[in-house]
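The file upload.tsv comes next; it holds TSV, C-alpha atoms and all ligand atoms.
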chain	number	residue	atom	x	y	z
A	1	MET	CA	-51.82	73.21	169.82
A	2	GLN	CA	-53.68	72.95	166.51
A	3	PRO	CA	-52.93	70.40	163.76
A	4	THR	CA	-51.84	71.73	160.38
A	5	SER	CA	-53.98	71.05	157.29
A	6	GLU	CA	-51.59	68.26	156.31
A	7	GLN	CA	-51.77	66.70	159.78
A	8	ARG	CA	-55.57	66.82	159.71
A	9	ARG	CA	-55.69	65.06	156.35
A	10	TRP	CA	-53.13	62.52	157.58
A	11	MET	CA	-55.25	61.76	160.66
A	12	TYR	CA	-58.38	61.34	158.53
A	13	ARG	CA	-56.55	59.02	156.10
A	14	GLN	CA	-55.25	56.82	158.93
A	15	MET	CA	-58.73	56.59	160.45
A	16	VAL	CA	-60.28	55.61	157.11
A	17	THR	CA	-57.56	52.98	156.58
A	18	SER	CA	-57.98	51.51	160.04
A	19	ARG	CA	-61.78	51.42	159.82
A	20	HIS	CA	-61.72	49.68	156.45
A	21	LEU	CA	-59.30	47.12	157.84
A	22	GLU	CA	-61.63	46.43	160.78
A	23	GLU	CA	-64.69	46.15	158.55
A	24	ARG	CA	-62.93	43.70	156.24
A	25	ILE	CA	-61.60	41.67	159.18
A	26	GLU	CA	-65.13	41.54	160.60
A	27	THR	CA	-66.35	39.76	157.45
A	28	LEU	CA	-63.30	37.54	156.94
A	29	TYR	CA	-63.23	36.52	160.60
A	30	MET	CA	-66.76	35.11	160.42
A	31	GLU	CA	-65.92	32.83	157.47
A	32	GLY	CA	-66.37	29.21	158.59
A	33	LYS	CA	-67.31	30.13	162.19
A	34	THR	CA	-71.06	29.55	161.91
A	35	PRO	CA	-73.82	28.18	162.14
A	36	VAL	CA	-72.73	27.54	165.74
A	37	PHE	CA	-70.09	30.15	166.58
A	38	ASN	CA	-66.76	28.34	166.82
A	39	MET	CA	-63.84	30.65	167.53
A	40	ALA	CA	-61.27	28.06	166.44
A	41	LYS	CA	-62.54	27.92	162.85
A	42	GLY	CA	-62.03	30.09	159.77
A	43	PRO	CA	-59.08	31.98	158.30
A	44	ILE	CA	-58.58	34.03	161.50
A	45	PRO	CA	-58.98	31.70	164.50
A	46	GLY	CA	-59.04	32.94	168.09
A	47	GLU	CA	-60.37	36.11	169.70
A	48	MET	CA	-60.78	39.32	167.74
A	49	HIS	CA	-61.06	42.76	169.36
A	50	LEU	CA	-61.97	45.46	166.84
A	51	SER	CA	-61.17	49.13	167.34
A	52	ASN	CA	-64.06	50.73	165.41
A	53	GLY	CA	-64.82	54.11	167.02
A	54	GLN	CA	-61.50	54.44	168.87
A	55	GLU	CA	-59.50	55.74	165.91
A	56	PRO	CA	-59.19	59.34	167.23
A	57	CYS	CA	-57.09	58.08	170.16
A	58	ALA	CA	-54.57	56.49	167.80
A	59	VAL	CA	-54.21	59.22	165.21
A	60	GLY	CA	-54.22	62.19	167.59
A	61	VAL	CA	-51.33	60.66	169.51
A	62	CYS	CA	-49.29	59.07	166.72
A	63	ALA	CA	-49.36	62.29	164.66
A	64	HIS	CA	-46.68	63.51	167.10
A	65	LEU	CA	-44.46	60.44	166.98
A	66	ASN	CA	-41.72	59.19	164.70
A	67	ALA	CA	-40.43	55.67	164.11
A	68	GLU	CA	-37.86	55.81	166.91
A	69	ASP	CA	-40.52	56.63	169.53
A	70	VAL	CA	-41.95	53.65	171.37
A	71	VAL	CA	-45.62	52.68	171.42
A	72	VAL	CA	-46.99	49.84	173.51
A	73	ALA	CA	-50.63	49.12	172.73
A	74	THR	CA	-53.33	46.80	174.03
A	75	HIS	CA	-55.32	43.72	173.03
A	76	ARG	CA	-57.31	46.12	170.78
A	77	PRO	CA	-54.33	47.32	168.75
A	78	HIS	CA	-55.13	47.66	165.03
A	79	HIS	CA	-55.94	51.39	164.90
A	80	ILE	CA	-52.79	52.21	166.87
A	81	ALA	CA	-50.57	49.94	164.74
A	82	VAL	CA	-51.87	51.57	161.57
A	83	ALA	CA	-51.26	55.07	162.92
A	84	LYS	CA	-47.76	54.15	164.18
A	85	GLY	CA	-46.81	53.02	160.68
A	86	VAL	CA	-46.54	49.27	161.25
A	87	ASP	CA	-46.01	47.50	157.92
A	88	LEU	CA	-49.57	46.77	156.83
A	89	ASN	CA	-48.82	43.62	154.80
A	90	ALA	CA	-46.86	42.02	157.63
A	91	MET	CA	-49.47	43.10	160.17
A	92	VAL	CA	-52.40	41.60	158.29
A	93	ALA	CA	-50.39	38.44	157.57
A	94	GLU	CA	-49.75	38.16	161.32
A	95	ILE	CA	-53.47	38.50	162.01
A	96	PHE	CA	-54.02	35.63	159.56
A	97	GLY	CA	-51.27	33.61	161.29
A	98	LYS	CA	-49.08	33.44	158.19
A	99	ALA	CA	-45.31	32.96	157.86
A	100	THR	CA	-44.97	36.43	156.29
A	101	GLY	CA	-46.48	38.01	159.41
A	102	LEU	CA	-44.59	40.26	161.82
A	103	SER	CA	-43.79	37.23	164.00
A	104	GLY	CA	-44.25	34.48	161.43
A	105	GLY	CA	-47.88	34.15	162.48
A	106	ARG	CA	-46.99	33.05	166.01
A	107	GLY	CA	-48.54	36.02	167.78
A	108	GLY	CA	-51.82	36.77	166.07
A	109	HIS	CA	-53.86	39.94	166.34
A	110	MET	CA	-53.12	40.74	170.01
A	111	HIS	CA	-49.35	40.29	169.65
A	112	LEU	CA	-48.09	42.58	166.91
A	113	PHE	CA	-44.40	43.44	167.18
A	114	ASP	CA	-42.63	45.70	164.69
A	115	ALA	CA	-39.14	46.66	165.80
A	116	ASP	CA	-38.72	48.94	162.74
A	117	VAL	CA	-41.23	51.40	164.19
A	118	ASN	CA	-40.88	50.39	167.87
A	119	PHE	CA	-44.42	49.08	168.14
A	120	SER	CA	-45.66	46.27	170.36
A	121	CYS	CA	-48.85	45.23	172.11
A	122	SER	CA	-50.12	42.54	174.44
A	123	GLY	CA	-53.25	40.58	175.30
A	124	ILE	CA	-52.49	41.03	179.01
A	125	ILE	CA	-54.50	43.91	180.46
A	126	GLY	CA	-52.40	46.63	182.07
A	127	GLU	CA	-49.27	45.21	180.46
A	128	SER	CA	-48.45	48.24	178.32
A	129	LEU	CA	-47.33	50.63	181.04
A	130	GLY	CA	-44.29	48.82	182.43
A	131	PRO	CA	-42.67	48.05	179.06
A	132	ALA	CA	-43.27	51.61	177.82
A	133	ALA	CA	-41.74	53.13	180.96
A	134	GLY	CA	-38.91	50.59	180.86
A	135	ALA	CA	-38.11	51.34	177.23
A	136	VAL	CA	-37.55	55.02	177.92
A	137	LEU	CA	-35.79	54.37	181.22
A	138	SER	CA	-33.30	52.44	179.12
A	139	ARG	CA	-33.08	55.26	176.58
A	140	LYS	CA	-32.62	57.81	179.35
A	141	LEU	CA	-29.82	55.84	181.02
A	142	GLN	CA	-28.06	55.49	177.68
A	143	GLY	CA	-28.54	59.16	176.78
A	144	LYS	CA	-30.64	58.21	173.77
A	145	PRO	CA	-33.62	60.24	172.51
A	146	GLY	CA	-37.24	59.21	172.11
A	147	VAL	CA	-40.47	59.14	174.05
A	148	ALA	CA	-42.83	56.28	174.81
A	149	VAL	CA	-46.60	56.06	174.81
A	150	ALA	CA	-48.50	53.35	176.65
A	151	PHE	CA	-52.11	52.88	175.57
A	152	LEU	CA	-54.58	51.19	177.91
A	153	GLY	CA	-58.30	50.81	178.42
A	154	GLU	CA	-60.13	52.44	181.33
A	155	GLY	CA	-60.56	48.94	182.82
A	156	ALA	CA	-56.79	48.52	182.97
A	157	ALA	CA	-56.48	51.63	185.13
A	158	ASN	CA	-57.66	49.50	188.06
A	159	GLN	CA	-54.76	47.09	187.74
A	160	GLY	CA	-51.85	47.31	190.18
A	161	ALA	CA	-49.45	47.70	187.25
A	162	PHE	CA	-51.07	51.03	186.36
A	163	HIS	CA	-50.35	52.55	189.76
A	164	GLU	CA	-46.84	51.11	190.03
A	165	ALA	CA	-45.86	52.36	186.58
A	166	LEU	CA	-47.24	55.87	187.14
A	167	ASN	CA	-45.41	56.16	190.44
A	168	LEU	CA	-42.01	55.11	189.10
A	169	ALA	CA	-42.40	57.10	185.88
A	170	ALA	CA	-42.94	60.20	188.02
A	171	VAL	CA	-40.14	59.37	190.47
A	172	TRP	CA	-37.72	58.94	187.57
A	173	GLN	CA	-39.28	61.71	185.43
A	174	LEU	CA	-39.47	59.41	182.42
A	175	PRO	CA	-40.45	60.68	178.96
A	176	VAL	CA	-43.60	58.58	178.82
A	177	VAL	CA	-47.25	59.40	178.18
A	178	PHE	CA	-50.02	57.14	179.47
A	179	VAL	CA	-53.09	57.25	177.23
A	180	ILE	CA	-56.33	55.76	178.49
A	181	GLU	CA	-58.93	54.94	175.85
A	182	ASP	CA	-62.11	55.23	177.92
A	183	ASN	CA	-64.76	53.38	175.94
A	184	ALA	CA	-66.84	53.05	179.14
A	185	TRP	CA	-66.79	49.23	179.11
A	186	GLY	CA	-64.36	46.57	180.31
A	187	ILE	CA	-65.90	43.61	178.46
A	188	SER	CA	-69.43	43.83	180.02
A	189	VAL	CA	-68.45	45.82	183.14
A	190	ALA	CA	-69.41	49.49	183.05
A	191	LYS	CA	-66.76	51.97	184.13
A	192	GLN	CA	-68.82	53.28	187.05
A	193	ALA	CA	-69.11	49.74	188.44
A	194	SER	CA	-65.34	49.23	188.52
A	195	THR	CA	-63.74	52.63	189.02
A	196	ALA	CA	-63.89	54.78	192.16
A	197	VAL	CA	-63.44	58.08	190.33
A	198	PRO	CA	-65.47	59.36	187.39
A	199	ARG	CA	-62.36	60.18	185.36
A	200	ASN	CA	-58.99	58.45	185.49
A	201	ASP	CA	-57.05	61.61	184.66
A	202	LEU	CA	-57.95	62.73	188.22
A	203	ARG	CA	-55.66	59.95	189.44
A	204	ALA	CA	-52.63	61.73	187.97
A	205	SER	CA	-52.41	64.12	190.93
A	206	ALA	CA	-51.74	61.13	193.20
A	207	TYR	CA	-48.53	60.61	191.26
A	208	GLY	CA	-47.48	64.22	190.81
A	209	MET	CA	-48.02	64.41	187.09
A	210	PRO	CA	-50.45	66.36	184.89
A	211	GLY	CA	-53.75	64.68	184.13
A	212	VAL	CA	-55.60	65.72	180.99
A	213	HIS	CA	-59.10	64.80	179.86
A	214	VAL	CA	-60.32	64.78	176.27
A	215	ALA	CA	-64.09	64.72	175.83
A	216	ASP	CA	-66.30	63.44	173.03
A	217	ASN	CA	-63.79	61.40	171.01
A	218	ASP	CA	-62.51	64.64	169.51
A	219	VAL	CA	-59.65	64.07	167.04
A	220	ASP	CA	-58.22	67.59	167.27
A	221	GLY	CA	-58.70	67.52	171.06
A	222	VAL	CA	-56.61	64.35	171.29
A	223	PHE	CA	-54.02	65.94	168.99
A	224	ALA	CA	-53.76	69.00	171.24
A	225	ALA	CA	-53.55	67.07	174.51
A	226	ALA	CA	-51.06	64.53	173.17
A	227	GLY	CA	-48.98	67.24	171.51
A	228	GLN	CA	-48.48	69.04	174.82
A	229	ALA	CA	-47.76	65.86	176.74
A	230	ILE	CA	-45.28	64.54	174.18
A	231	ALA	CA	-43.51	67.90	173.90
A	232	ARG	CA	-43.26	67.95	177.69
A	233	ALA	CA	-41.76	64.45	177.67
A	234	ARG	CA	-39.27	65.38	174.93
A	235	GLU	CA	-38.17	68.40	176.97
A	236	GLY	CA	-37.34	66.09	179.89
A	237	ARG	CA	-40.23	67.36	182.03
A	238	GLY	CA	-41.66	63.93	182.83
A	239	PRO	CA	-44.79	61.87	182.31
A	240	THR	CA	-48.43	62.81	181.66
A	241	LEU	CA	-51.66	60.87	182.02
A	242	ILE	CA	-54.38	61.45	179.42
A	243	GLU	CA	-57.86	59.97	179.43
A	244	ILE	CA	-59.83	60.12	176.19
A	245	GLU	CA	-63.58	59.65	176.15
A	246	THR	CA	-63.99	57.36	173.15
A	247	SER	CA	-66.51	54.83	171.87
A	248	ARG	CA	-66.41	51.12	171.17
A	249	LEU	CA	-68.73	50.75	168.20
A	250	ALA	CA	-68.29	46.96	168.05
A	251	GLY	CA	-68.67	44.32	170.75
A	252	HIS	CA	-65.87	43.62	173.21
A	253	PHE	CA	-64.79	40.87	170.84
A	254	MET	CA	-66.30	39.27	167.77
A	255	GLY	CA	-69.15	37.03	168.87
A	256	ASP	CA	-70.13	39.32	171.79
A	257	GLY	CA	-73.95	39.48	172.07
A	258	GLU	CA	-73.65	42.92	173.79
A	259	ASP	CA	-76.83	42.35	175.79
A	260	TYR	CA	-75.32	44.31	178.69
A	261	ARG	CA	-75.58	47.58	176.76
A	262	PRO	CA	-78.50	49.85	177.69
A	263	GLU	CA	-81.09	50.02	174.95
A	264	GLY	CA	-80.25	52.58	172.30
A	265	GLU	CA	-76.64	53.08	173.44
A	266	LYS	CA	-75.05	51.57	170.37
A	267	GLU	CA	-77.25	53.49	167.97
A	268	ALA	CA	-76.44	56.72	169.80
A	269	LEU	CA	-72.70	55.99	169.58
A	270	GLN	CA	-73.01	55.24	165.88
A	271	GLN	CA	-74.67	58.62	165.39
A	272	ARG	CA	-71.48	60.14	166.85
A	273	ASP	CA	-69.11	58.00	164.74
A	274	PRO	CA	-65.89	60.04	164.78
A	275	ILE	CA	-64.94	59.39	161.17
A	276	PRO	CA	-67.95	60.96	159.39
A	277	ARG	CA	-67.74	63.79	161.95
A	278	TYR	CA	-64.11	64.46	161.09
A	279	ARG	CA	-64.79	64.17	157.38
A	280	GLN	CA	-67.51	66.81	157.76
A	281	ALA	CA	-65.16	69.06	159.75
A	282	LEU	CA	-62.51	68.83	157.00
A	283	LEU	CA	-65.09	69.56	154.29
A	284	GLU	CA	-66.34	72.60	156.20
A	285	ALA	CA	-62.77	73.81	156.76
A	286	GLY	CA	-62.11	73.52	153.03
A	287	LEU	CA	-59.38	70.94	153.61
A	288	LEU	CA	-61.22	68.30	151.62
A	289	ASP	CA	-63.76	68.27	148.80
A	290	GLU	CA	-65.88	65.39	147.55
A	291	ALA	CA	-63.42	64.45	144.78
A	292	ALA	CA	-60.40	64.53	147.10
A	293	ASP	CA	-62.32	62.49	149.67
A	294	THR	CA	-63.29	59.86	147.11
A	295	ALA	CA	-59.67	59.56	145.98
A	296	LEU	CA	-58.36	59.38	149.55
A	297	VAL	CA	-60.86	56.68	150.55
A	298	LYS	CA	-60.16	54.70	147.38
A	299	GLU	CA	-56.42	54.75	148.00
A	300	ALA	CA	-56.79	53.81	151.67
A	301	HIS	CA	-59.11	50.91	150.83
A	302	ALA	CA	-56.76	49.70	148.08
A	303	ARG	CA	-53.88	49.56	150.59
A	304	VAL	CA	-55.96	47.40	152.91
A	305	GLU	CA	-57.16	45.13	150.10
A	306	ALA	CA	-53.56	44.62	148.91
A	307	ALA	CA	-52.50	43.67	152.46
A	308	ILE	CA	-55.38	41.19	152.74
A	309	ARG	CA	-54.45	39.60	149.39
A	310	PHE	CA	-50.82	39.39	150.55
A	311	ALA	CA	-51.91	37.63	153.73
A	312	GLN	CA	-54.30	35.26	151.99
A	313	GLN	CA	-51.67	34.26	149.42
A	314	SER	CA	-48.97	33.67	152.05
A	315	ASP	CA	-48.17	30.25	153.49
A	316	PHE	CA	-48.25	29.07	157.08
A	317	LEU	CA	-44.99	28.19	158.77
A	318	PRO	CA	-44.29	24.45	158.63
A	319	PRO	CA	-45.30	22.55	161.81
A	320	GLU	CA	-41.66	21.98	162.84
A	321	ALA	CA	-41.25	25.76	163.15
A	322	ALA	CA	-43.22	25.46	166.39
A	323	LEU	CA	-39.95	24.30	167.98
A	324	GLU	CA	-38.03	27.39	166.82
A	325	THR	CA	-37.65	30.62	168.83
A	326	VAL	CA	-38.74	28.88	172.04
A	327	PHE	CA	-36.78	27.44	174.93
A	328	VAL	CA	-36.92	23.64	174.69
C	1	LIG	C1	-54.35	40.55	183.34
C	1	LIG	C2	-55.61	40.24	182.58
C	1	LIG	N1	-56.77	40.09	183.23
C	1	LIG	C3	-57.91	39.82	182.55
C	1	LIG	C4	-57.89	39.68	181.19
C	1	LIG	C5	-59.18	39.40	180.41
C	1	LIG	N2	-59.63	40.62	179.74
C	1	LIG	C6	-59.45	40.77	178.41
C	1	LIG	S1	-60.01	42.25	177.86
C	1	LIG	C7	-60.53	42.69	179.40
C	1	LIG	C8	-61.20	44.03	179.64
C	1	LIG	C9	-60.36	45.17	179.27
C	1	LIG	O1	-61.05	46.37	179.43
C	1	LIG	P1	-60.35	47.73	179.09
C	1	LIG	O2	-58.99	47.79	179.71
C	1	LIG	O3	-61.30	48.81	179.45
C	1	LIG	O4	-60.13	47.68	177.52
C	1	LIG	P2	-61.21	47.55	176.34
C	1	LIG	O5	-61.44	46.07	176.12
C	1	LIG	O6	-62.42	48.27	176.74
C	1	LIG	O7	-60.54	48.13	175.14
C	1	LIG	C10	-60.26	41.69	180.33
C	1	LIG	C11	-60.59	41.76	181.76
C	1	LIG	C12	-56.65	39.83	180.52
C	1	LIG	N3	-56.56	39.72	179.21
C	1	LIG	N4	-55.53	40.14	181.22
The structure given in the file should be rewritten as structure tokens.
Ligand SMILES: Cc1ncc(C[n+]2csc(CCOP(=O)(O)OP(=O)(O)O)c2C)c(N)n1
Amino acid sequence: MQPTSEQRRWMYRQMVTSRHLEERIETLYMEGKTPVFNMAKGPIPGEMHLSNGQEPCAVGVCAHLNAEDVVVATHRPHHIAVAKGVDLNAMVAEIFGKATGLSGGRGGHMHLFDADVNFSCSGIIGESLGPAAGAVLSRKLQGKPGVAVAFLGEGAANQGAFHEALNLAAVWQLPVVFVIEDNAWGISVAKQASTAVPRNDLRASAYGMPGVHVADNDVDGVFAAAGQAIARAREGRGPTLIEIETSRLAGHFMGDGEDYRPEGEKEALQQRDPIPRYRQALLEAGLLDEAADTALVKEAHARVEAAIRFAQQSDFLPPEAALETVFV
């Protein structure tokens, strides 16, 4: 399954948008947090997990989805939220903790919920699979259409919830796709130190579903694998497990010293940054020229800048709002 020219340009545009968002957040997040790193300070307090390098996983999957399909993402959710079409202003405002955010600023960057496009995520590792499977179990029982995608990291594939969800999804032949973003690290723990098999897609056979591997952070490879799996789910033929070899170009979270990485690893990953690679592929295919690229990048950056301004100019909820939408 090959993407059309329009789909390829769409995927590139989403990746450029997401990357610019991450690069801007990286700068804004550090405001007020130094000289001694204090996570509680600055305009974006708390942990921050950036998705630089993992953009192919988001765009190659979401290119096949529409607003009614369900996506449940992880603690590293920005690239996926952008590709799923989450309202950018409300998303950035949520990251800044503002009243105009998706949840009035109550959730922050790991808890982005947008019911309009059926997007959610969670800071709890392995917590995407159950809700994704449950969402389409509900749809199936009600005779409603739509597929679900659960994203997770390769570290999460060692959680009990992973195995339970795969088993039931296969037993009930649910229209769900499990997408593992294998960035080779769970915080500072290397995949080979935590996982008994070299590739998690091999685990699919234990649950009677297809397992598909995508190598080298390949945008069109993700598109092809996800396209088949999502078509299969839409046809009522059950779940699929996909593992994508991707790269985490940033630390696990902002403030991570990354001293666990072997020497030269980060530089090597940066050399294989998927966005310049995809740009080059589109130029060579004649789907983009320098002028079109400049215009596309300018427009994508302007969208992000407008969302940041919106967030910065928004107010916080008043303190008494802390007592709303909770059980007291
Ligand atoms: C249930 C649970 N256990 C532990 C943590 C702490 N934690 C946060 S991120 C992380 C590692 C996740 O690794 P992976 O699933 O590979 O995703 P990545 O961070 O590489 O994107 C852990 C253990 C958590 N958030 N939730």
Option closest in space to Ile244 of chain A, from A:Glu265, A:Glu290, A:Glu181, A:Glu258 [counting all atoms listed in the file]: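 Smallest distance to Ile244 of chain A is found for A:Glu181.
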Please, which residues have at least one atom within 6 Å of an atom of ligand LIG 1 (chain C), using only C-alpha atoms and all ligand atoms, listed as JSON, numbers by chain? {"A": [76, 123, 124, 125, 152, 153, 154, 155, 156, 183, 185, 186, 187, 252]}
Here is a test: counting all atoms listed in the file, which residue of A:Ile80, A:Leu141, A:Ala215, A:Ala157 is nearest to Cys121 of chain A?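 Closest residue, counting all atoms listed in the file: A:Ile80.
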Considering all atoms listed in the file, state which residue in the set A:Ala40, A:Leu137, A:Ala233, A:Ile275 is at the smallest distance from Asp218 of chain A. A:Ile275
Quick one: everything within 8 Å of Asp116 of chain A, counting only C-alpha atoms, minus sequence neighbours fewer than 3 positions away in the same chain. Send it as a ChimeraX atom specification. /A:67,86,119
Extract, using only C-alpha atoms, all DNA, RNA and protein residues at most 10 Å from Glu94 of chain A, discarding same-chain residues fewer than 5 positions from it, and format them as a VMD selection string. chain A and resid 44 88 to 89 99 to 113 311
I'd like the neighbourhood of Val179 of chain A as a compact mmCIF listing (two decimals) with C-alpha atoms, in the frame of the given file, where a residue qualifies if any of its atoms comes within 7 Å (using only C-alpha atoms), though same-chain residues fewer than 3 positions away should be ignored.
# COMPACT_ATOMS: atom_id res chain seq x y z
CA ALA A 150 -48.50 53.35 176.65
CA PHE A 151 -52.11 52.88 175.57
CA LEU A 152 -54.58 51.19 177.91
CA LEU A 241 -51.66 60.87 182.02
CA ILE A 242 -54.38 61.45 179.42
CA GLU A 243 -57.86 59.97 179.43
Asp293 of chain A environment, 12 Å, all atoms listed in the file, sequence neighbours closer than 5 positions dropped, as JSON, numbers by chain: {"A": [9, 12, 13, 16, 276, 278, 279, 280, 282, 283, 286, 287, 288, 298, 299, 300]}
Considering all atoms listed in the file, return as a PyMOL selection string whatever protein or nucleic-acid residues lie within 10 Å of Tyr29 of chain A, sequence-local ones (same chain, fewer than 4 positions apart) excluded. chain A and resi 23-25+33+39+41-48+96+254
One decimal, Å: what's the distance from atom CA of Glu267 of chain A over to atom CA of Thr246 of chain A, could you say? 14.8 Å
Separating atom CA of Ser120 of chain A from atom CA of His78 of chain A, to the nearest tenth of an Å, is a gap of 11.0 Å
Between A:His64, A:Arg139, A:Arg272, A:Arg203, which one has atoms that come closest to Leu166 of chain A, using all atoms listed in the file?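 Using all atoms listed in the file, the shortest distance to Leu166 of chain A belongs to A:Arg203.
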Figure out the distance between atom CA of Ser194 of chain A and atom CA of Cys57 of chain A, please, to one decimal in Å.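 Computing it gives 22.0 Å between the two atoms.
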(-56.1, 65.1, 174.4) in this file's frame - what residues fall within 8 Å of it? Use all atoms listed in the file and give the answer as a ChimeraX atom specification. /A:60,212-214,220-227,242-244
Can you spit out segment 26-42 of chain A with C-alpha atoms, as a PDB file, in the first residue's frame, from the structure just given?
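Okay, result_14.pdb is ready:
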ATOM      1  CA  GLU A  26      11.974  22.849  24.480  1.00  0.00           C
ATOM      2  CA  THR A  27      12.956  26.531  24.719  1.00  0.00           C
ATOM      3  CA  LEU A  28       9.833  27.745  26.516  1.00  0.00           C
ATOM      4  CA  TYR A  29       9.959  24.889  29.027  1.00  0.00           C
ATOM      5  CA  MET A  30      13.442  25.894  30.197  1.00  0.00           C
ATOM      6  CA  GLU A  31      12.370  29.475  30.979  1.00  0.00           C
ATOM      7  CA  GLY A  32      12.803  30.060  34.725  1.00  0.00           C
ATOM      8  CA  LYS A  33      13.979  26.495  35.451  1.00  0.00           C
ATOM      9  CA  THR A  34      17.690  27.240  35.832  1.00  0.00           C
ATOM     10  CA  PRO A  35      20.433  27.807  37.145  1.00  0.00           C
ATOM     11  CA  VAL A  36      19.548  24.770  39.287  1.00  0.00           C
ATOM     12  CA  PHE A  37      17.029  22.718  37.314  1.00  0.00           C
ATOM     13  CA  ASN A  38      13.676  23.064  39.062  1.00  0.00           C
ATOM     14  CA  MET A  39      10.856  21.232  37.309  1.00  0.00           C
ATOM     15  CA  ALA A  40       8.171  23.167  39.187  1.00  0.00           C
ATOM     16  CA  LYS A  41       9.211  26.543  37.751  1.00  0.00           C
ATOM     17  CA  GLY A  42       8.561  28.336  34.470  1.00  0.00           C
TER      18      GLY A  42
END
